[in-house]
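Okay, work35.pdb is below, PDB, C-alpha atoms, pLDDT in the B column:
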ATOM      1  CA  MET A1350     -98.315-106.421 148.136  1.00 57.00           C
ATOM      2  CA  SER A1351    -101.602-104.569 148.552  1.00 81.00           C
ATOM      3  CA  ASP A1352    -102.020-101.055 149.843  1.00 93.00           C
ATOM      4  CA  THR A1353    -104.108-102.541 152.645  1.00 95.00           C
ATOM      5  CA  PHE A1354    -101.295-104.855 153.690  1.00 96.00           C
ATOM      6  CA  ASP A1355     -98.858-101.935 153.734  1.00 97.00           C
ATOM      7  CA  ALA A1356    -101.252 -99.809 155.749  1.00 97.00           C
ATOM      8  CA  ILE A1357    -101.877-102.438 158.430  1.00 96.00           C
ATOM      9  CA  ALA A1358     -98.197-103.395 158.556  1.00 97.00           C
ATOM     10  CA  ASP A1359     -97.374 -99.717 159.180  1.00 97.00           C
ATOM     11  CA  ILE A1360    -100.002 -99.577 161.934  1.00 97.00           C
ATOM     12  CA  ILE A1361     -98.652-102.731 163.613  1.00 97.00           C
ATOM     13  CA  ALA A1362     -95.060-101.560 163.367  1.00 97.00           C
ATOM     14  CA  GLU A1363     -95.886 -98.252 164.990  1.00 95.00           C
ATOM     15  CA  THR A1364     -98.399 -99.492 167.555  1.00 93.00           C
ATOM     16  CA  CYS A1365     -96.505-102.572 168.678  1.00 94.00           C
ATOM     17  CA  ASN A1366     -92.976-101.272 168.239  1.00 93.00           C
ATOM     18  CA  ILE A1367     -92.083-103.977 165.730  1.00 95.00           C
ATOM     19  CA  GLU A1368     -89.515-103.504 162.950  1.00 96.00           C
ATOM     20  CA  ARG A1369     -91.526-102.792 159.817  1.00 96.00           C
ATOM     21  CA  ASP A1370     -89.246-104.966 157.688  1.00 96.00           C
ATOM     22  CA  THR A1371     -90.016-108.058 159.757  1.00 96.00           C
ATOM     23  CA  ILE A1372     -93.731-107.883 158.899  1.00 97.00           C
ATOM     24  CA  THR A1373     -94.507-109.866 155.756  1.00 96.00           C
ATOM     25  CA  PRO A1374     -97.750-111.066 154.168  1.00 96.00           C
ATOM     26  CA  GLU A1375     -96.966-114.520 155.567  1.00 96.00           C
ATOM     27  CA  SER A1376     -96.498-113.288 159.150  1.00 96.00           C
ATOM     28  CA  HIS A1377     -98.977-114.539 161.719  1.00 95.00           C
ATOM     29  CA  SER A1378     -99.844-111.424 163.692  1.00 92.00           C
ATOM     30  CA  ILE A1379    -100.094-113.307 166.993  1.00 89.00           C
ATOM     31  CA  ASP A1380     -97.749-116.303 166.665  1.00 90.00           C
ATOM     32  CA  ASP A1381     -94.965-114.658 164.632  1.00 92.00           C
ATOM     33  CA  LEU A1382     -95.231-111.004 165.564  1.00 93.00           C
ATOM     34  CA  GLY A1383     -96.182-111.670 169.196  1.00 91.00           C
ATOM     35  CA  ILE A1384     -98.942-109.075 169.342  1.00 93.00           C
ATOM     36  CA  ASP A1385    -100.682-109.430 172.691  1.00 91.00           C
ATOM     37  CA  SER A1386    -104.374-108.801 173.271  1.00 89.00           C
ATOM     38  CA  LEU A1387    -103.986-105.203 174.425  1.00 91.00           C
ATOM     39  CA  ASP A1388    -101.791-104.295 171.474  1.00 93.00           C
ATOM     40  CA  PHE A1389    -104.237-106.075 169.200  1.00 93.00           C
ATOM     41  CA  LEU A1390    -107.003-103.900 170.624  1.00 94.00           C
ATOM     42  CA  ASP A1391    -104.866-100.867 169.728  1.00 93.00           C
ATOM     43  CA  VAL A1392    -104.259-102.216 166.229  1.00 95.00           C
ATOM     44  CA  THR A1393    -107.961-102.936 165.745  1.00 96.00           C
ATOM     45  CA  PHE A1394    -108.869 -99.398 166.833  1.00 95.00           C
ATOM     46  CA  ALA A1395    -106.319 -97.908 164.431  1.00 96.00           C
ATOM     47  CA  ILE A1396    -107.524-100.089 161.524  1.00 97.00           C
ATOM     48  CA  ASP A1397    -111.188 -99.321 162.274  1.00 96.00           C
ATOM     49  CA  LYS A1398    -110.408 -95.609 162.242  1.00 95.00           C
ATOM     50  CA  LYS A1399    -108.209 -95.674 159.156  1.00 96.00           C
ATOM     51  CA  PHE A1400    -110.657 -97.582 156.975  1.00 95.00           C
ATOM     52  CA  GLY A1401    -113.930 -96.512 158.578  1.00 95.00           C
ATOM     53  CA  ILE A1402    -114.884-100.110 159.290  1.00 95.00           C
ATOM     54  CA  LYS A1403    -115.646-102.268 162.304  1.00 95.00           C
ATOM     55  CA  MET A1404    -113.474-105.360 162.230  1.00 96.00           C
ATOM     56  CA  PRO A1405    -115.718-108.134 163.579  1.00 96.00           C
ATOM     57  CA  VAL A1406    -113.048-109.586 165.820  1.00 95.00           C
ATOM     58  CA  GLU A1407    -115.581-111.078 168.237  1.00 94.00           C
ATOM     59  CA  ALA A1408    -117.268-112.994 165.414  1.00 95.00           C
ATOM     60  CA  TRP A1409    -113.891-114.152 164.080  1.00 95.00           C
ATOM     61  CA  MET A1410    -112.808-115.413 167.495  1.00 93.00           C
ATOM     62  CA  LYS A1411    -116.140-117.185 167.927  1.00 94.00           C
ATOM     63  CA  GLU A1412    -115.551-119.035 164.665  1.00 95.00           C
ATOM     64  CA  VAL A1413    -112.058-119.988 165.788  1.00 94.00           C
ATOM     65  CA  ASN A1414    -113.237-121.133 169.219  1.00 94.00           C
ATOM     66  CA  GLU A1415    -115.996-123.213 167.659  1.00 96.00           C
ATOM     67  CA  GLY A1416    -113.559-124.831 165.240  1.00 95.00           C
ATOM     68  CA  ARG A1417    -115.201-123.318 162.151  1.00 96.00           C
ATOM     69  CA  ALA A1418    -112.069-121.348 161.254  1.00 95.00           C
ATOM     70  CA  SER A1419    -108.419-121.287 162.173  1.00 95.00           C
ATOM     71  CA  THR A1420    -106.493-118.329 163.521  1.00 93.00           C
ATOM     72  CA  GLU A1421    -104.524-118.409 160.253  1.00 95.00           C
ATOM     73  CA  ASP A1422    -107.695-117.518 158.360  1.00 95.00           C
ATOM     74  CA  TYR A1423    -107.832-114.157 160.085  1.00 95.00           C
ATOM     75  CA  PHE A1424    -104.453-113.414 161.578  1.00 94.00           C
ATOM     76  CA  ILE A1425    -101.988-114.219 158.811  1.00 96.00           C
ATOM     77  CA  MET A1426    -101.240-110.726 157.514  1.00 96.00           C
ATOM     78  CA  ALA A1427    -102.235-111.399 153.888  1.00 96.00           C
ATOM     79  CA  ASN A1428    -105.530-112.953 155.045  1.00 96.00           C
ATOM     80  CA  LEU A1429    -106.191-110.098 157.450  1.00 96.00           C
ATOM     81  CA  ALA A1430    -105.615-107.599 154.628  1.00 96.00           C
ATOM     82  CA  ALA A1431    -108.033-109.548 152.403  1.00 96.00           C
ATOM     83  CA  LYS A1432    -110.702-109.550 155.144  1.00 96.00           C
ATOM     84  CA  ILE A1433    -110.262-105.815 155.581  1.00 96.00           C
ATOM     85  CA  ASP A1434    -110.639-105.317 151.818  1.00 96.00           C
ATOM     86  CA  GLU A1435    -113.898-107.301 151.968  1.00 96.00           C
ATOM     87  CA  LEU A1436    -115.169-105.083 154.782  1.00 96.00           C
ATOM     88  CA  ARG A1437    -114.195-101.946 152.851  1.00 94.00           C
ATOM     89  CA  ALA A1438    -115.929-103.221 149.723  1.00 94.00           C
ATOM     90  CA  ALA A1439    -119.070-104.096 151.688  1.00 94.00           C
ATOM     91  CA  LYS A1440    -119.127-100.604 153.149  1.00 86.00           C
ATOM     92  CA  ALA A1441    -118.673 -98.854 149.782  1.00 79.00           C
TER      93      ALA A1441
ATOM     94  CA  MET B1411    -118.639 -91.937 196.594  1.00 87.00           C
ATOM     95  CA  ARG B1412    -117.516 -94.951 198.595  1.00 88.00           C
ATOM     96  CA  LEU B1413    -113.785 -95.010 198.059  1.00 87.00           C
ATOM     97  CA  GLU B1414    -113.172 -98.151 200.066  1.00 86.00           C
ATOM     98  CA  TYR B1415    -115.680-100.069 197.911  1.00 87.00           C
ATOM     99  CA  PHE B1416    -114.356 -98.555 194.702  1.00 90.00           C
ATOM    100  CA  GLN B1417    -117.675 -96.873 194.002  1.00 92.00           C
ATOM    101  CA  LEU B1418    -116.430 -93.679 192.443  1.00 95.00           C
ATOM    102  CA  ILE B1419    -119.702 -92.137 191.346  1.00 95.00           C
ATOM    103  CA  ASP B1420    -122.746 -91.198 193.390  1.00 95.00           C
ATOM    104  CA  ARG B1421    -125.407 -90.960 190.750  1.00 93.00           C
ATOM    105  CA  ILE B1422    -126.107 -90.791 187.053  1.00 94.00           C
ATOM    106  CA  GLU B1423    -127.329 -87.270 186.293  1.00 94.00           C
ATOM    107  CA  THR B1424    -128.070 -87.701 182.600  1.00 94.00           C
ATOM    108  CA  MET B1425    -127.464 -90.474 180.135  1.00 95.00           C
ATOM    109  CA  ASP B1426    -128.181 -90.889 176.444  1.00 95.00           C
ATOM    110  CA  ALA B1427    -126.996 -94.436 175.882  1.00 94.00           C
ATOM    111  CA  GLN B1428    -127.809 -94.480 172.180  1.00 94.00           C
ATOM    112  CA  GLY B1429    -126.179 -91.085 171.668  1.00 96.00           C
ATOM    113  CA  GLY B1430    -123.190 -92.240 173.704  1.00 97.00           C
ATOM    114  CA  THR B1431    -123.122 -89.571 176.393  1.00 97.00           C
ATOM    115  CA  ILE B1432    -123.359 -89.620 180.174  1.00 97.00           C
ATOM    116  CA  VAL B1433    -122.846 -87.250 183.088  1.00 97.00           C
ATOM    117  CA  CYS B1434    -122.364 -88.510 186.630  1.00 96.00           C
ATOM    118  CA  ARG B1435    -122.084 -86.716 189.947  1.00 96.00           C
ATOM    119  CA  ALA B1436    -119.269 -87.624 192.291  1.00 97.00           C
ATOM    120  CA  THR B1437    -118.675 -86.060 195.684  1.00 97.00           C
ATOM    121  CA  ILE B1438    -115.328 -86.645 197.306  1.00 97.00           C
ATOM    122  CA  PRO B1439    -115.887 -87.869 200.864  1.00 96.00           C
ATOM    123  CA  THR B1440    -114.708 -85.566 203.609  1.00 95.00           C
ATOM    124  CA  GLU B1441    -113.068 -88.467 205.394  1.00 93.00           C
ATOM    125  CA  SER B1442    -111.435 -91.640 204.130  1.00 94.00           C
ATOM    126  CA  THR B1443    -108.498 -93.785 205.067  1.00 93.00           C
ATOM    127  CA  VAL B1444    -107.191 -93.017 201.569  1.00 93.00           C
ATOM    128  CA  PHE B1445    -106.458 -89.479 202.709  1.00 95.00           C
ATOM    129  CA  GLU B1446    -104.454 -90.703 205.671  1.00 94.00           C
ATOM    130  CA  GLY B1447    -101.805 -91.814 203.224  1.00 94.00           C
ATOM    131  CA  HIS B1448    -102.431 -89.443 200.318  1.00 94.00           C
ATOM    132  CA  PHE B1449    -101.165 -87.287 201.873  1.00 96.00           C
ATOM    133  CA  PRO B1450    -100.645 -86.967 205.637  1.00 95.00           C
ATOM    134  CA  GLY B1451    -101.645 -83.419 206.542  1.00 95.00           C
ATOM    135  CA  HIS B1452    -102.440 -82.585 202.926  1.00 96.00           C
ATOM    136  CA  PRO B1453    -105.370 -84.742 201.743  1.00 97.00           C
ATOM    137  CA  LEU B1454    -105.727 -84.983 197.967  1.00 97.00           C
ATOM    138  CA  MET B1455    -107.885 -87.223 195.808  1.00 97.00           C
ATOM    139  CA  PRO B1456    -105.373 -89.513 194.043  1.00 97.00           C
ATOM    140  CA  GLY B1457    -105.201 -89.006 190.287  1.00 97.00           C
ATOM    141  CA  VAL B1458    -105.506 -92.735 189.751  1.00 97.00           C
ATOM    142  CA  LEU B1459    -108.897 -92.655 191.471  1.00 97.00           C
ATOM    143  CA  LEU B1460    -110.003 -89.708 189.336  1.00 98.00           C
ATOM    144  CA  LEU B1461    -109.100 -91.841 186.342  1.00 98.00           C
ATOM    145  CA  GLU B1462    -111.189 -94.679 187.761  1.00 98.00           C
ATOM    146  CA  CYS B1463    -114.024 -92.201 188.301  1.00 98.00           C
ATOM    147  CA  MET B1464    -113.925 -91.298 184.588  1.00 98.00           C
ATOM    148  CA  ALA B1465    -113.675 -94.979 183.650  1.00 98.00           C
ATOM    149  CA  GLN B1466    -116.705 -95.924 185.757  1.00 97.00           C
ATOM    150  CA  THR B1467    -118.747 -93.107 184.248  1.00 97.00           C
ATOM    151  CA  GLY B1468    -118.152 -94.204 180.657  1.00 98.00           C
ATOM    152  CA  GLY B1469    -118.523 -97.812 181.745  1.00 97.00           C
ATOM    153  CA  HIS B1470    -122.100 -97.220 182.883  1.00 95.00           C
ATOM    154  CA  MET B1471    -123.024 -95.802 179.515  1.00 96.00           C
ATOM    155  CA  ILE B1472    -121.406 -98.756 177.712  1.00 97.00           C
ATOM    156  CA  LEU B1473    -123.303-101.190 179.947  1.00 95.00           C
ATOM    157  CA  ALA B1474    -126.557 -99.448 179.082  1.00 95.00           C
ATOM    158  CA  ARG B1475    -125.753 -99.508 175.344  1.00 95.00           C
ATOM    159  CA  ASN B1476    -125.275-103.249 175.659  1.00 95.00           C
ATOM    160  CA  ASN B1477    -128.529-103.753 177.571  1.00 93.00           C
ATOM    161  CA  TYR B1478    -126.550-104.804 180.639  1.00 93.00           C
ATOM    162  CA  ASP B1479    -125.539-108.040 178.936  1.00 94.00           C
ATOM    163  CA  LYS B1480    -121.892-107.051 178.698  1.00 96.00           C
ATOM    164  CA  MET B1481    -119.395-105.601 181.134  1.00 97.00           C
ATOM    165  CA  ALA B1482    -116.921-102.834 180.332  1.00 97.00           C
ATOM    166  CA  PHE B1483    -113.413-103.476 181.649  1.00 97.00           C
ATOM    167  CA  LEU B1484    -110.805-100.733 181.746  1.00 97.00           C
ATOM    168  CA  ALA B1485    -108.137-101.622 179.179  1.00 96.00           C
ATOM    169  CA  GLN B1486    -106.178 -98.483 178.467  1.00 95.00           C
ATOM    170  CA  ALA B1487    -105.961 -94.823 179.390  1.00 97.00           C
ATOM    171  CA  ASP B1488    -104.320 -92.299 177.107  1.00 96.00           C
ATOM    172  CA  ARG B1489    -103.495 -88.658 177.559  1.00 97.00           C
ATOM    173  CA  ALA B1490    -104.684 -88.594 181.168  1.00 98.00           C
ATOM    174  CA  LYS B1491    -104.271 -85.140 182.665  1.00 98.00           C
ATOM    175  CA  PHE B1492    -104.917 -84.053 186.211  1.00 98.00           C
ATOM    176  CA  ARG B1493    -105.120 -80.311 185.991  1.00 97.00           C
ATOM    177  CA  SER B1494    -106.084 -79.266 189.513  1.00 96.00           C
ATOM    178  CA  PHE B1495    -105.879 -80.640 193.022  1.00 97.00           C
ATOM    179  CA  ILE B1496    -109.103 -82.287 194.139  1.00 98.00           C
ATOM    180  CA  VAL B1497    -109.708 -82.307 197.873  1.00 98.00           C
ATOM    181  CA  PRO B1498    -112.175 -83.888 200.323  1.00 97.00           C
ATOM    182  CA  GLY B1499    -115.650 -82.431 199.907  1.00 97.00           C
ATOM    183  CA  ASP B1500    -115.236 -81.383 196.266  1.00 98.00           C
ATOM    184  CA  VAL B1501    -118.268 -81.985 194.060  1.00 98.00           C
ATOM    185  CA  LEU B1502    -117.455 -83.209 190.567  1.00 98.00           C
ATOM    186  CA  ASP B1503    -119.402 -83.623 187.346  1.00 98.00           C
ATOM    187  CA  VAL B1504    -117.954 -86.442 185.312  1.00 98.00           C
ATOM    188  CA  HIS B1505    -118.662 -86.443 181.591  1.00 98.00           C
ATOM    189  CA  SER B1506    -117.964 -89.222 179.137  1.00 98.00           C
ATOM    190  CA  LYS B1507    -118.644 -89.441 175.441  1.00 98.00           C
ATOM    191  CA  LEU B1508    -118.333 -92.522 173.259  1.00 98.00           C
ATOM    192  CA  THR B1509    -115.989 -91.785 170.363  1.00 97.00           C
ATOM    193  CA  HIS B1510    -115.678 -95.255 168.872  1.00 96.00           C
ATOM    194  CA  GLU B1511    -117.415 -98.579 169.326  1.00 96.00           C
ATOM    195  CA  GLY B1512    -115.574-101.557 167.913  1.00 96.00           C
ATOM    196  CA  SER B1513    -116.031-105.295 168.086  1.00 96.00           C
ATOM    197  CA  GLY B1514    -115.406-106.164 171.714  1.00 96.00           C
ATOM    198  CA  TYR B1515    -114.113-102.760 172.689  1.00 97.00           C
ATOM    199  CA  ALA B1516    -115.144 -99.139 173.068  1.00 98.00           C
ATOM    200  CA  VAL B1517    -113.386 -95.785 173.355  1.00 98.00           C
ATOM    201  CA  CYS B1518    -114.557 -92.758 175.323  1.00 98.00           C
ATOM    202  CA  GLU B1519    -113.363 -89.218 175.853  1.00 98.00           C
ATOM    203  CA  ALA B1520    -113.890 -88.331 179.494  1.00 98.00           C
ATOM    204  CA  ARG B1521    -113.485 -85.231 181.572  1.00 98.00           C
ATOM    205  CA  ILE B1522    -114.157 -84.115 185.110  1.00 98.00           C
ATOM    206  CA  LEU B1523    -115.503 -80.667 185.844  1.00 98.00           C
ATOM    207  CA  LYS B1524    -115.451 -78.813 189.142  1.00 98.00           C
ATOM    208  CA  ASP B1525    -117.459 -75.611 189.244  1.00 97.00           C
ATOM    209  CA  GLY B1526    -117.688 -75.785 185.456  1.00 95.00           C
ATOM    210  CA  LYS B1527    -113.947 -75.985 184.955  1.00 97.00           C
ATOM    211  CA  THR B1528    -112.171 -79.051 183.580  1.00 98.00           C
ATOM    212  CA  VAL B1529    -109.935 -80.530 186.265  1.00 98.00           C
ATOM    213  CA  ALA B1530    -109.077 -83.850 184.608  1.00 98.00           C
ATOM    214  CA  ASP B1531    -109.502 -85.541 181.238  1.00 98.00           C
ATOM    215  CA  ALA B1532    -108.447 -88.696 179.439  1.00 98.00           C
ATOM    216  CA  GLU B1533    -109.172 -91.013 176.561  1.00 98.00           C
ATOM    217  CA  ILE B1534    -110.304 -94.330 177.975  1.00 98.00           C
ATOM    218  CA  ARG B1535    -110.582 -97.666 176.217  1.00 97.00           C
ATOM    219  CA  TYR B1536    -112.597-100.603 177.420  1.00 98.00           C
ATOM    220  CA  ARG B1537    -112.820-104.249 176.596  1.00 97.00           C
ATOM    221  CA  VAL B1538    -116.507-105.039 176.309  1.00 97.00           C
ATOM    222  CA  LEU B1539    -117.147-108.665 177.187  1.00 96.00           C
ATOM    223  CA  PRO B1540    -120.043-110.843 178.287  1.00 95.00           C
ATOM    224  CA  PHE B1541    -120.406-110.795 182.069  1.00 96.00           C
ATOM    225  CA  PRO B1542    -118.034-113.445 183.421  1.00 94.00           C
ATOM    226  CA  SER B1543    -120.482-114.343 186.179  1.00 96.00           C
ATOM    227  CA  PRO B1544    -124.188-113.818 186.914  1.00 95.00           C
ATOM    228  CA  GLU B1545    -123.227-112.547 190.376  1.00 96.00           C
ATOM    229  CA  LEU B1546    -121.223-109.688 188.900  1.00 94.00           C
ATOM    230  CA  ARG B1547    -124.067-108.778 186.546  1.00 95.00           C
ATOM    231  CA  GLU B1548    -126.560-108.729 189.404  1.00 94.00           C
ATOM    232  CA  LYS B1549    -124.257-106.616 191.573  1.00 92.00           C
ATOM    233  CA  MET B1550    -123.759-104.163 188.716  1.00 91.00           C
ATOM    234  CA  LEU B1551    -127.501-103.927 188.147  1.00 92.00           C
ATOM    235  CA  GLU B1552    -128.009-103.376 191.872  1.00 91.00           C
ATOM    236  CA  PHE B1553    -125.481-100.575 191.820  1.00 87.00           C
ATOM    237  CA  VAL B1554    -126.890 -99.003 188.660  1.00 88.00           C
ATOM    238  CA  ARG B1555    -130.371 -98.925 190.208  1.00 88.00           C
ATOM    239  CA  SER B1556    -128.909 -97.289 193.323  1.00 86.00           C
ATOM    240  CA  VAL B1557    -127.227 -94.500 191.355  1.00 82.00           C
ATOM    241  CA  GLY B1558    -130.404 -93.417 189.670  1.00 72.00           C
ATOM    242  CA  HIS B1559    -130.605 -94.994 186.259  1.00 67.00           C
ATOM    243  CA  THR B1560    -134.309 -95.551 185.822  1.00 61.00           C
ATOM    244  CA  GLY B1561    -133.904 -97.581 182.638  1.00 59.00           C
ATOM    245  CA  VAL B1562    -132.941-100.674 184.634  1.00 56.00           C
ATOM    246  CA  ALA B1563    -135.842-102.828 185.744  1.00 45.00           C
TER     247      ALA B1563
END
Is it possible to express this structure as structure tokens?
Amino acid sequence: MSDTFDAIADIIAETCNIERDTITPESHSIDDLGIDSLDFLDVTFAIDKKFGIKMPVEAWMKEVNEGRASTEDYFIMANLAAKIDELRAAKA
Amino acid sequence: MRLEYFQLIDRIETMDAQGGTIVCRATIPTESTVFEGHFPGHPLMPGVLLLECMAQTGGHMILARNNYDKMAFLAQADRAKFRSFIVPGDVLDVHSKLTHEGSGYAVCEARILKDGKTVADAEIRYRVLPFPSPELREKMLEFVRSVGHTGVA
């Protein structure tokens, strides 16, 4: 598991009061972990701050709503970690 | 301040939308039905309305940063502190500073000063979304013009 996955799993566990052990790379952050929109805003803020990035959640949701992506592409934990790594690499 | 219409600021004193700062003036009305209940014989500005006052102040700056194409909705308040009683007739300077702007949300540190002394402060988070209706956008623009922001045509 990547450091990024561990970091965001720690953030979600703390922010959303979810048992850390239940968060796996295969977990869907919304469907499986039940993170609601306000908690997701909290999680996004914490991730933005930790990695010095701006997660483009609006653009992701637009793609999902227009059928150009699925929620799994962005909200399965392993995929979310990979997207965050891409954003960190682009920033470096 | 028009408490009954939820207009918690009177005017924008200074605003640097790009720099993410704003100061608004808010004068507590001397009379309001709010004070008949809060509290009988001991009128105090409710803390929840002071929080709204801080939220509206930062909200105006966020609207300006987004060229009045998006609305800021109060989503969360953290570490809200109400340090002094605020009474009818008090004149307040409400400061807000953008501390983070994310995708679809924004975070501000806000504080209220009375006679130069901090009387309330909070971290406030907003969802920043396209206006859900043209009527709301027009009403907001109307209000912004009325409170002295000259940057709105």
Quiz item: Could you write out as a ChimeraX atom specification the residues of chain B within 10 Å of chain A, counting all atoms listed in the file?
Solution: /B:1485-1486,1510-1517,1535-1537,1539
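Residues with any atom within 12 Å of the point (-113.8, -105.3, 152.0), counting all atoms listed in the file, are Thr1353, Phe1400, Gly1401, Ile1402, Lys1403, Met1404, Asn1428, Leu1429, Ala1430, Ala1431, Lys1432, Ile1433, Asp1434, Glu1435, Leu1436, Arg1437, Ala1438, Ala1439, Lys1440 and Ala1441 of chain A.
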Let me see the file: selected residues, C-alpha atoms, as an mmCIF file, in the frame of the given file.
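As a result, again_25.cif now contains:
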data_model
loop_
_atom_site.group_PDB
_atom_site.id
_atom_site.type_symbol
_atom_site.label_atom_id
_atom_site.label_comp_id
_atom_site.auth_asym_id
_atom_site.auth_seq_id
_atom_site.Cartn_x
_atom_site.Cartn_y
_atom_site.Cartn_z
ATOM 1 C CA THR A 1353 -104.108 -102.541 152.645
ATOM 2 C CA PHE A 1400 -110.657 -97.582 156.975
ATOM 3 C CA GLY A 1401 -113.930 -96.512 158.578
ATOM 4 C CA ILE A 1402 -114.884 -100.110 159.290
ATOM 5 C CA LYS A 1403 -115.646 -102.268 162.304
ATOM 6 C CA MET A 1404 -113.474 -105.360 162.230
ATOM 7 C CA ASN A 1428 -105.530 -112.953 155.045
ATOM 8 C CA LEU A 1429 -106.191 -110.098 157.450
ATOM 9 C CA ALA A 1430 -105.615 -107.599 154.628
ATOM 10 C CA ALA A 1431 -108.033 -109.548 152.403
ATOM 11 C CA LYS A 1432 -110.702 -109.550 155.144
ATOM 12 C CA ILE A 1433 -110.262 -105.815 155.581
ATOM 13 C CA ASP A 1434 -110.639 -105.317 151.818
ATOM 14 C CA GLU A 1435 -113.898 -107.301 151.968
ATOM 15 C CA LEU A 1436 -115.169 -105.083 154.782
ATOM 16 C CA ARG A 1437 -114.195 -101.946 152.851
ATOM 17 C CA ALA A 1438 -115.929 -103.221 149.723
ATOM 18 C CA ALA A 1439 -119.070 -104.096 151.688
ATOM 19 C CA LYS A 1440 -119.127 -100.604 153.149
ATOM 20 C CA ALA A 1441 -118.673 -98.854 149.782
#
Practice problem: List the residues selected by the PyMOL selection byres ((chain B and resi 1550) around 12) in the file shown, writing them as a PyMOL selection string. | Solution: chain B and resi 1417+1466+1469-1470+1473-1474+1478-1482+1541+1543-1549+1551-1557+1559+1562
Quiz item: Which neighbours of Ile1438 of chain B fall inside 6 Å, counting only C-alpha atoms, when residues of the same chain fewer than 5 positions from it are skipped, and could you give them as number ranges by chain?
Solution: B: 1498-1500
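Taking atom CA of Val1413 of chain A and atom CA of Ile1534 of chain B as the two end points, the separation is 28.5 Å.
Picture a line from atom CA of Met1464 of chain B to atom CA of Glu1414 of chain B; it runs 16.9 Å.
Counting from atom CA of Phe1483 of chain B, the distance to atom CA of Thr1509 of chain B is 16.5 Å.
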Answer key for the PyMOL selection byres ((chain A and resi 1356-1368) around 10), residues as an mmCIF file with C-alpha atoms, in the frame of the given file:
data_model
loop_
_atom_site.group_PDB
_atom_site.id
_atom_site.type_symbol
_atom_site.label_atom_id
_atom_site.label_comp_id
_atom_site.auth_asym_id
_atom_site.auth_seq_id
_atom_site.Cartn_x
_atom_site.Cartn_y
_atom_site.Cartn_z
ATOM 1 C CA SER A 1351 -101.602 -104.569 148.552
ATOM 2 C CA ASP A 1352 -102.020 -101.055 149.843
ATOM 3 C CA THR A 1353 -104.108 -102.541 152.645
ATOM 4 C CA PHE A 1354 -101.295 -104.855 153.690
ATOM 5 C CA ASP A 1355 -98.858 -101.935 153.734
ATOM 6 C CA ARG A 1369 -91.526 -102.792 159.817
ATOM 7 C CA ASP A 1370 -89.246 -104.966 157.688
ATOM 8 C CA THR A 1371 -90.016 -108.058 159.757
ATOM 9 C CA ILE A 1372 -93.731 -107.883 158.899
ATOM 10 C CA THR A 1373 -94.507 -109.866 155.756
ATOM 11 C CA PRO A 1374 -97.750 -111.066 154.168
ATOM 12 C CA SER A 1378 -99.844 -111.424 163.692
ATOM 13 C CA LEU A 1382 -95.231 -111.004 165.564
ATOM 14 C CA GLY A 1383 -96.182 -111.670 169.196
ATOM 15 C CA ILE A 1384 -98.942 -109.075 169.342
ATOM 16 C CA ASP A 1385 -100.682 -109.430 172.691
ATOM 17 C CA LEU A 1387 -103.986 -105.203 174.425
ATOM 18 C CA ASP A 1388 -101.791 -104.295 171.474
ATOM 19 C CA PHE A 1389 -104.237 -106.075 169.200
ATOM 20 C CA ASP A 1391 -104.866 -100.867 169.728
ATOM 21 C CA VAL A 1392 -104.259 -102.216 166.229
ATOM 22 C CA THR A 1393 -107.961 -102.936 165.745
ATOM 23 C CA ALA A 1395 -106.319 -97.908 164.431
ATOM 24 C CA ILE A 1396 -107.524 -100.089 161.524
ATOM 25 C CA LYS A 1399 -108.209 -95.674 159.156
ATOM 26 C CA PHE A 1400 -110.657 -97.582 156.975
ATOM 27 C CA MET A 1426 -101.240 -110.726 157.514
ATOM 28 C CA LEU A 1429 -106.191 -110.098 157.450
ATOM 29 C CA ALA A 1430 -105.615 -107.599 154.628
ATOM 30 C CA ILE A 1433 -110.262 -105.815 155.581
#
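Here the PyMOL selection byres ((chain B and resi 1453) around 10) catches exactly these residues: Thr1440, Glu1441, Ser1442, Val1444, Phe1445, Glu1446, Gly1447, His1448, Phe1449, Pro1450, Gly1451, His1452, Leu1454, Met1455, Pro1456, Phe1495, Ile1496, Val1497 and Pro1498 of chain B.
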Completion step: segment 1350-1357 of chain A with N, CA and C atoms as a PDB file, in the coordinates of the input:
ATOM      1  N   MET A1350     -97.619-106.578 146.855  1.00 57.00           N
ATOM      2  CA  MET A1350     -98.315-106.421 148.136  1.00 57.00           C
ATOM      3  C   MET A1350     -99.368-105.330 148.023  1.00 57.00           C
ATOM      4  N   SER A1351    -100.497-105.516 148.697  1.00 81.00           N
ATOM      5  CA  SER A1351    -101.602-104.569 148.552  1.00 81.00           C
ATOM      6  C   SER A1351    -101.366-103.328 149.407  1.00 81.00           C
ATOM      7  N   ASP A1352    -102.072-102.272 149.025  1.00 93.00           N
ATOM      8  CA  ASP A1352    -102.020-101.055 149.843  1.00 93.00           C
ATOM      9  C   ASP A1352    -102.530-101.343 151.250  1.00 93.00           C
ATOM     10  N   THR A1353    -103.530-102.215 151.326  1.00 95.00           N
ATOM     11  CA  THR A1353    -104.108-102.541 152.645  1.00 95.00           C
ATOM     12  C   THR A1353    -103.069-103.235 153.517  1.00 95.00           C
ATOM     13  N   PHE A1354    -102.347-104.198 152.914  1.00 96.00           N
ATOM     14  CA  PHE A1354    -101.295-104.855 153.690  1.00 96.00           C
ATOM     15  C   PHE A1354    -100.294-103.831 154.200  1.00 96.00           C
ATOM     16  N   ASP A1355     -99.846-102.946 153.316  1.00 97.00           N
ATOM     17  CA  ASP A1355     -98.858-101.935 153.734  1.00 97.00           C
ATOM     18  C   ASP A1355     -99.401-101.067 154.867  1.00 97.00           C
ATOM     19  N   ALA A1356    -100.666-100.691 154.732  1.00 97.00           N
ATOM     20  CA  ALA A1356    -101.252 -99.809 155.749  1.00 97.00           C
ATOM     21  C   ALA A1356    -101.315-100.507 157.111  1.00 97.00           C
ATOM     22  N   ILE A1357    -101.760-101.776 157.125  1.00 96.00           N
ATOM     23  CA  ILE A1357    -101.877-102.438 158.430  1.00 96.00           C
ATOM     24  C   ILE A1357    -100.497-102.824 158.976  1.00 96.00           C
TER      25      ILE A1357
END
